[in-house]
$ cat coords.pdb   # PDB, C-alpha atoms
MODEL        1
ATOM      1  CA  MET A   1     -82.876  -1.894 -26.642
ATOM      2  CA  PRO A   2     -80.071   0.664 -26.775
ATOM      3  CA  GLY A   3     -81.117   2.446 -23.623
ATOM      4  CA  TRP A   4     -81.336  -0.740 -21.648
ATOM      5  CA  GLY A   5     -77.896  -1.945 -22.755
ATOM      6  CA  ALA A   6     -76.243   1.317 -21.752
ATOM      7  CA  GLY A   7     -77.934   1.277 -18.369
ATOM      8  CA  SER A   8     -76.889  -2.352 -17.780
ATOM      9  CA  ALA A   9     -73.241  -1.571 -18.573
ATOM     10  CA  ALA A  10     -73.262   1.470 -16.311
ATOM     11  CA  GLY A  11     -74.799  -0.555 -13.487
ATOM     12  CA  HIS A  12     -72.183  -3.309 -13.875
ATOM     13  CA  SER A  13     -69.346  -0.756 -13.776
ATOM     14  CA  CYS A  14     -70.815   0.855 -10.673
ATOM     15  CA  ARG A  15     -71.132  -2.505  -8.888
ATOM     16  CA  ALA A  16     -67.472  -3.396  -9.748
ATOM     17  CA  ALA A  17     -66.179  -0.093  -8.365
ATOM     18  CA  THR A  18     -68.269  -0.528  -5.227
ATOM     19  CA  SER A  19     -66.868  -4.057  -4.760
ATOM     20  CA  GLN A  20     -63.253  -2.797  -5.119
ATOM     21  CA  ASP A  21     -63.871  -0.005  -2.604
ATOM     22  CA  ALA A  22     -65.340  -2.479  -0.161
ATOM     23  CA  GLN A  23     -62.304  -4.742  -0.508
ATOM     24  CA  GLN A  24     -59.933  -1.828   0.070
ATOM     25  CA  GLN A  25     -61.864  -0.701   3.135
ATOM     26  CA  GLN A  26     -61.990  -4.145   4.722
ATOM     27  CA  PRO A  27     -59.853  -4.360   7.912
ATOM     28  CA  PRO A  28     -56.924  -6.847   7.817
ATOM     29  CA  ARG A  29     -57.718 -10.318   8.968
ATOM     30  CA  PRO A  30     -56.326 -11.421  12.339
ATOM     31  CA  GLY A  31     -52.760 -12.728  11.958
ATOM     32  CA  SER A  32     -52.170 -11.023   8.598
ATOM     33  CA  VAL A  33     -49.596  -8.186   8.313
ATOM     34  CA  ALA A  34     -49.584  -5.453   5.732
ATOM     35  CA  SER A  35     -46.403  -5.044   3.681
ATOM     36  CA  GLY A  36     -43.846  -2.889   5.548
ATOM     37  CA  ALA A  37     -45.850  -2.825   8.786
ATOM     38  CA  LYS A  38     -44.618  -4.333  12.048
ATOM     39  CA  PRO A  39     -46.724  -7.183  13.370
ATOM     40  CA  PRO A  40     -48.459  -6.741  16.717
ATOM     41  CA  LEU A  41     -46.337  -7.604  19.725
ATOM     42  CA  GLY A  42     -46.631 -11.239  20.814
ATOM     43  CA  THR A  43     -48.239 -12.564  17.634
ATOM     44  CA  ASP A  44     -46.899 -15.545  15.678
ATOM     45  CA  GLU A  45     -45.717 -13.225  12.910
ATOM     46  CA  TRP A  46     -43.864 -11.054  15.446
ATOM     47  CA  LEU A  47     -42.128 -14.113  16.930
ATOM     48  CA  LYS A  48     -41.184 -15.321  13.442
ATOM     49  CA  GLN A  49     -39.654 -11.985  12.473
ATOM     50  CA  ARG A  50     -37.776 -11.837  15.761
ATOM     51  CA  ARG A  51     -36.265 -15.293  15.203
ATOM     52  CA  GLU A  52     -35.242 -14.396  11.648
ATOM     53  CA  SER A  53     -33.668 -11.141  12.816
ATOM     54  CA  HIS A  54     -31.721 -12.961  15.521
ATOM     55  CA  LYS A  55     -30.494 -15.537  12.996
ATOM     56  CA  GLU A  56     -29.285 -12.767  10.675
ATOM     57  CA  VAL A  57     -27.416 -11.005  13.477
ATOM     58  CA  GLU A  58     -25.785 -14.275  14.521
ATOM     59  CA  ARG A  59     -24.828 -15.078  10.929
ATOM     60  CA  ARG A  60     -23.129 -11.706  10.510
ATOM     61  CA  ARG A  61     -21.307 -12.118  13.820
ATOM     62  CA  ARG A  62     -19.917 -15.512  12.782
ATOM     63  CA  GLU A  63     -18.910 -14.073   9.422
ATOM     64  CA  VAL A  64     -16.922 -11.259  11.092
ATOM     65  CA  ILE A  65     -15.187 -13.737  13.433
ATOM     66  CA  ASN A  66     -14.300 -16.114  10.599
ATOM     67  CA  THR A  67     -12.931 -13.260   8.488
ATOM     68  CA  GLY A  68     -10.788 -12.013  11.371
ATOM     69  CA  ILE A  69      -9.367 -15.471  12.082
ATOM     70  CA  ALA A  70      -8.588 -15.951   8.387
ATOM     71  CA  GLU A  71      -6.672 -12.648   8.360
ATOM     72  CA  LEU A  72      -4.740 -13.732  11.465
ATOM     73  CA  ALA A  73      -3.739 -16.957   9.729
ATOM     74  CA  LYS A  74      -2.285 -14.897   6.856
ATOM     75  CA  ILE A  75      -0.277 -12.596   9.156
ATOM     76  CA  VAL A  76       1.091 -15.061  11.715
ATOM     77  CA  PRO A  77       4.192 -16.911  10.435
ATOM     78  CA  ASN A  78       4.198 -20.707  10.265
ATOM     79  CA  CYS A  79       0.444 -20.883  10.804
ATOM     80  CA  SER A  80      -0.704 -23.795   8.672
ATOM     81  CA  ASP A  81      -3.407 -24.942  11.091
ATOM     82  CA  ARG A  82      -6.904 -24.645   9.641
ATOM     83  CA  ASN A  83      -8.565 -25.046  13.024
ATOM     84  CA  LYS A  84      -9.787 -21.765  14.513
ATOM     85  CA  GLY A  85      -8.528 -22.646  17.971
ATOM     86  CA  GLY A  86      -5.103 -23.562  16.597
ATOM     87  CA  ILE A  87      -4.875 -20.283  14.670
ATOM     88  CA  LEU A  88      -5.752 -18.251  17.766
ATOM     89  CA  HIS A  89      -3.245 -20.192  19.895
ATOM     90  CA  ARG A  90      -0.464 -19.599  17.356
ATOM     91  CA  ALA A  91      -1.384 -15.900  17.184
ATOM     92  CA  VAL A  92      -1.057 -15.598  20.975
ATOM     93  CA  GLN A  93       2.373 -17.255  20.850
ATOM     94  CA  TYR A  94       3.498 -14.924  18.073
ATOM     95  CA  ILE A  95       2.369 -11.816  19.971
ATOM     96  CA  GLN A  96       4.232 -13.007  23.067
ATOM     97  CA  GLN A  97       7.377 -13.517  20.980
ATOM     98  CA  LEU A  98       7.080 -10.001  19.580
ATOM     99  CA  LYS A  99       6.698  -8.525  23.068
ATOM    100  CA  GLU A 100       9.745 -10.421  24.350
ATOM    101  CA  ALA A 101      11.820  -9.321  21.353
ATOM    102  CA  GLU A 102      10.731  -5.724  21.874
ATOM    103  CA  GLN A 103      11.756  -5.912  25.536
ATOM    104  CA  ARG A 104      15.172  -7.334  24.637
ATOM    105  CA  ASN A 105      15.719  -4.634  22.023
ATOM    106  CA  ALA A 106      14.765  -1.907  24.494
ATOM    107  CA  GLU A 107      17.185  -3.271  27.105
ATOM    108  CA  ARG A 108      19.944  -3.604  24.516
ATOM    109  CA  TRP A 109      19.363  -0.064  23.258
ATOM    110  CA  THR A 110      19.489   1.298  26.813
ATOM    111  CA  LEU A 111      22.747  -0.533  27.519
ATOM    112  CA  ASP A 112      24.291   0.584  24.227
ATOM    113  CA  LYS A 113      23.358   4.179  24.954
ATOM    114  CA  MET A 114      24.903   4.023  28.421
ATOM    115  CA  LEU A 115      28.114   2.525  27.023
ATOM    116  CA  ALA A 116      28.207   5.100  24.236
ATOM    117  CA  ASP A 117      27.730   7.987  26.657
ATOM    118  CA  GLN A 118      30.485   6.605  28.878
ATOM    119  CA  ALA A 119      32.802   6.163  25.890
ATOM    120  CA  ILE A 120      32.137   9.718  24.718
ATOM    121  CA  ASN A 121      32.855  11.088  28.185
ATOM    122  CA  ASP A 122      36.072   9.062  28.441
ATOM    123  CA  LEU A 123      37.245  10.118  25.000
ATOM    124  CA  THR A 124      36.402  13.760  25.645
ATOM    125  CA  GLY A 125      38.383  13.743  28.883
ATOM    126  CA  TYR A 126      41.302  11.971  27.267
ATOM    127  CA  VAL A 127      41.372  14.470  24.392
ATOM    128  CA  GLU A 128      41.485  17.323  26.892
ATOM    129  CA  PHE A 129      44.320  15.563  28.689
ATOM    130  CA  LEU A 130      46.293  15.172  25.456
ATOM    131  CA  LYS A 131      45.728  18.828  24.591
ATOM    132  CA  ALA A 132      47.084  19.901  27.981
ATOM    133  CA  GLU A 133      50.012  17.521  27.658
ATOM    134  CA  ASN A 134      50.816  18.972  24.258
ATOM    135  CA  GLU A 135      50.698  22.519  25.593
ATOM    136  CA  ALA A 136      52.933  21.579  28.523
ATOM    137  CA  LEU A 137      55.491  19.968  26.219
ATOM    138  CA  ARG A 138      55.443  22.980  23.937
ATOM    139  CA  GLY A 139      56.062  25.193  26.964
ATOM    140  CA  GLN A 140      59.014  23.043  28.011
ATOM    141  CA  ILE A 141      60.506  23.231  24.513
ATOM    142  CA  THR A 142      60.181  27.001  24.501
ATOM    143  CA  ALA A 143      61.677  27.254  27.998
ATOM    144  CA  LEU A 144      64.712  25.263  26.855
ATOM    145  CA  GLY A 145      65.282  27.732  24.020
ATOM    146  CA  GLY A 146      63.862  25.606  21.293
ATOM    147  CA  GLU A 147      61.087  26.379  18.850
ATOM    148  CA  ALA A 148      57.869  24.467  19.196
ATOM    149  CA  PRO A 149      56.369  23.156  15.964
ATOM    150  CA  PRO A 150      53.342  25.034  14.633
ATOM    151  CA  ARG A 151      49.950  23.949  15.898
ATOM    152  CA  THR A 152      47.931  21.903  13.473
ATOM    153  CA  GLN A 153      44.288  20.945  13.590
ATOM    154  CA  PRO A 154      43.901  17.174  13.434
ATOM    155  CA  PRO A 155      41.557  15.953  10.725
ATOM    156  CA  ALA A 156      38.037  15.133  11.813
ATOM    157  CA  PRO A 157      37.255  11.413  11.864
ATOM    158  CA  ALA A 158      35.309  10.137   8.891
ATOM    159  CA  VAL A 159      32.886   8.396  11.243
ATOM    160  CA  PRO A 160      31.855   9.706  14.692
ATOM    161  CA  PRO A 161      33.322   7.618  17.549
ATOM    162  CA  TYR A 162      30.001   6.159  18.674
ATOM    163  CA  HIS A 163      29.033   5.114  15.148
ATOM    164  CA  ALA A 164      32.499   3.698  14.563
ATOM    165  CA  HIS A 165      32.194   1.486  17.647
ATOM    166  CA  ALA A 166      28.656   0.473  16.689
ATOM    167  CA  MET A 167      29.721  -0.433  13.145
ATOM    168  CA  ALA A 168      32.708  -2.411  14.430
ATOM    169  CA  ALA A 169      30.540  -4.314  16.895
ATOM    170  CA  ALA A 170      27.990  -5.085  14.162
ATOM    171  CA  MET A 171      30.608  -6.381  11.720
ATOM    172  CA  HIS A 172      32.741  -8.182  14.301
ATOM    173  CA  PRO A 173      30.789  -9.882  17.119
ATOM    174  CA  GLY A 174      33.996 -10.285  19.143
ATOM    175  CA  TYR A 175      34.770  -6.574  19.042
ATOM    176  CA  HIS A 176      35.201  -4.873  22.420
ATOM    177  CA  TYR A 177      35.736  -1.205  23.035
ATOM    178  CA  PHE A 178      38.760  -0.437  25.210
ATOM    179  CA  ALA A 179      38.262   2.893  26.907
ATOM    180  CA  PRO A 180      41.237   5.151  27.633
ATOM    181  CA  PRO A 181      42.734   4.961  31.120
ATOM    182  CA  PRO A 182      40.642   6.608  33.832
ATOM    183  CA  PRO A 183      41.613  10.189  34.723
ATOM    184  CA  GLY A 184      42.981   9.181  38.131
ATOM    185  CA  THR A 185      45.762   7.152  36.467
ATOM    186  CA  TRP A 186      46.971   9.854  34.083
ATOM    187  CA  PRO A 187      50.514  11.147  34.763
ATOM    188  CA  GLN A 188      50.893  14.555  36.339
ATOM    189  CA  ILE A 189      51.963  17.153  33.803
ATOM    190  CA  PRO A 190      53.554  20.446  34.793
ATOM    191  CA  GLY A 191      51.227  23.311  34.040
ATOM    192  CA  TYR A 192      48.130  21.130  33.658
ATOM    193  CA  PRO A 193      45.244  22.082  35.993
ATOM    194  CA  PRO A 194      45.223  19.545  38.859
ATOM    195  CA  HIS A 195      41.423  19.317  39.025
ATOM    196  CA  LEU A 196      41.362  17.961  35.507
ATOM    197  CA  MET A 197      43.707  15.166  36.475
ATOM    198  CA  GLN A 198      41.258  13.686  38.977
TER     199      GLN A 198
ENDMDL
END
$ encode --input "coords.pdb" --output "structure tokens"
Amino acid sequence: MPGWGAGSAAGHSCRAATSQDAQQQQPPRPGSVASGAKPPLGTDEWLKQRRESHKEVERRRREVINTGIAELAKIVPNCSDRNKGGILHRAVQYIQQLKEAEQRNAERWTLDKMLADQAINDLTGYVEFLKAENEALRGQITALGGEAPPRTQPPAPAVPPYHAHAMAAAMHPGYHYFAPPPPGTWPQIPGYPPHLMQ
């Protein structure tokens, strides 16, 4: 019968929809976790997720440490040791060597600067002494009726005194700078200010 067949099909469809709705409305079974939802605190699923999360964090931490040690092995000279402890020990030694070298360079630079300043002061004083000596000699020549030669400006040195001494010391390890005599030993010159002779 046509009417009966249509009614049977409609009834079957209605029962299927009702069954699907009932399945969707059923509460989750104890111990089961919906996708994306956090399991209840203290359950087996919660403990499992916590262990997995801890393992992942630990794995990433070890990966970062291993990567850092590998980079150290590339930077530190003469570091052929593949052991992590050996690489770290060699890195500590290398850093200590760098610090000691830096300290030596700083001390050497300070000493060089002090010597350079002293040399500049000595040379400046000696130049002033020579200028005064020249003027005194010119005055003596004029007083004796002679004619002093014209004043000339000496040519500037191609290399500043400090750099000249530094270059000489770098090229010749045995080079030593001999400063001019101290002002107290300069001869007295007539007409030269006495306070500059001290």
$ resolve_selection --input "coords.pdb" --expression "the PyMOL selection byres ((chain A and resi 85-95) around 10)" --output "JSON, numbers by chain"
{"A": [69, 70, 72, 73, 74, 75, 76, 77, 78, 79, 80, 81, 82, 83, 84, 96, 97, 98, 99, 100, 101]}
$ atom_distance --input "coords.pdb" --atom1 "CA of Glu135 (chain A)" --atom2 "CA of Glu147 (chain A)"
13.0 Å
$ atom_distance --input "coords.pdb" --atom1 "CA of Arg51 (chain A)" --atom2 "CA of Lys38 (chain A)"
14.1 Å
$ atom_distance --input "coords.pdb" --atom1 "CA of Lys113 (chain A)" --atom2 "CA of Gly125 (chain A)"
18.2 Å
